[in-house]
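Visitor: Attaching a single structure in structure tokens format; questions to follow.
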Amino acid sequence: MAIKDLVLEQLKRVKGPDLTGNIVDLGLVSEIVEAGSKVFFSVTVPAERAEELEPLREAAERAALGVPGVEKAGVVLTAAKTAGSPSSQPRPAPQPARQVPPQGGGPRKPAGIPGIASIVAVASGKGGVGKSTTAVNLALALKGLGLKVGILDADIYGPSMPRLMGITGKPTTIDGRTLKPMENYGVKVMSMGFLVEEDTPMIWRGPMVISALNQMLKEVAWGELDVLVVDMPPGTGDAQLTMAQNVPLAGAVIVSTPQDLALIDARKGLNMFRKVEVPVLGIIENMSYFICPDCGSRHDIFSHGGAEKEAEKLGVPFLGGVPLTMDIREKSDAGTPIVVFDPDSPNAEVYRKIARQVQQRIGAAQQAAPSIVFD
């Protein structure tokens, strides 16, 4: 019998919210997702009883952990949306994705992560703009400034940190629950890519993604860090709101390519962070220009300067333009980012200049929080 079937059988022993029937036969359990020795699922409960029914979630988690081969269970409570009330997702999931904090007075500040001074999230309005490469080189440049740095790969569906950071293997647990982060180049790293095979598709719904993000944020032994760089998935969905609502973000760095279509998406991302009251640290123009390696001439393949003009128009800092070069691409694919492989190169200096600006902006707010970078 498959693990998910064994888990279902165990869950049939968990009574429903009113101690009548069981949560499986009552149709309260979502699809069970397996990821190696881990399982993820959600249990639907009435929104107004979410806090009261936390013991039910814990009972479901214990039941799943009772199945041989299951070492970890990510269980969240969810609530179906009813007329007049938004859906809710109690601990450990974030607040409802569609909720926008009230404009007057500001939302309640989320608690920080012990030991982490600032969290810098790197995100993009769309895919294919070099977000993850930007996140890695920004993190390594911050490390080069003397900071203690970690990277969280929040792109559950397309994790790339294992390859970009040249790390193989799987993380170990310290106490059977807390994961020990992987490490290379003096930077601590956690990614879903360490927990599943590279070619395994992550066919997960929102609650499972949210649960995984929370676990990688709060159930990893990060230790003392000056900055945690979060490589966000592209877009403006559950992962972005989870970060904005569950941890105190220092700000967002938006990364875009120069052309108009990419800037439209970057603008949407920037506005989303503003709505949830996350400060925007600035915009980076990636693939800003191309220098021919043979003749040395410059070519603006994707146009040039669009992100800088957009930053001026939106009233946010322009952090710099990163060129499109073979060196950056090849070194990234090989797991030897340009900042550590060729630290004296002009390309590495571009990232260091950006890192210095990011350091200044998050340092100014002394409450150090996550920054989000949009590719």
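Here, A, B, ... name the chains of the structure tokens in the order displayed, residue numbers run from 1 inside each chain, and ligands are numbered from 1 in the same displayed order.
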Quick one: everything within 12 Å of Val67 (chain A), counting only C-alpha atoms, minus sequence neighbours fewer than 4 positions away in the same chain. Send it as a count of residues only.
Guide: 21
Visitor: Would you compute the distance between CA of Leu179 (chain A) and CA of Val220 (chain A)? Give it in Å to one decimal.
Guide: 4.6 Å
Visitor: So the first atom is CA of Glu52 (chain A) and the second is CA of Ala35 (chain A); what is the distance between them in Å, to one decimal place?
Guide: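 It comes out at 29.4 Å.
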Visitor: One decimal, Å: what's the distance from CA of Gly16 (chain A) over to CA of Leu213 (chain A), could you say?
Guide: 27.0 Å
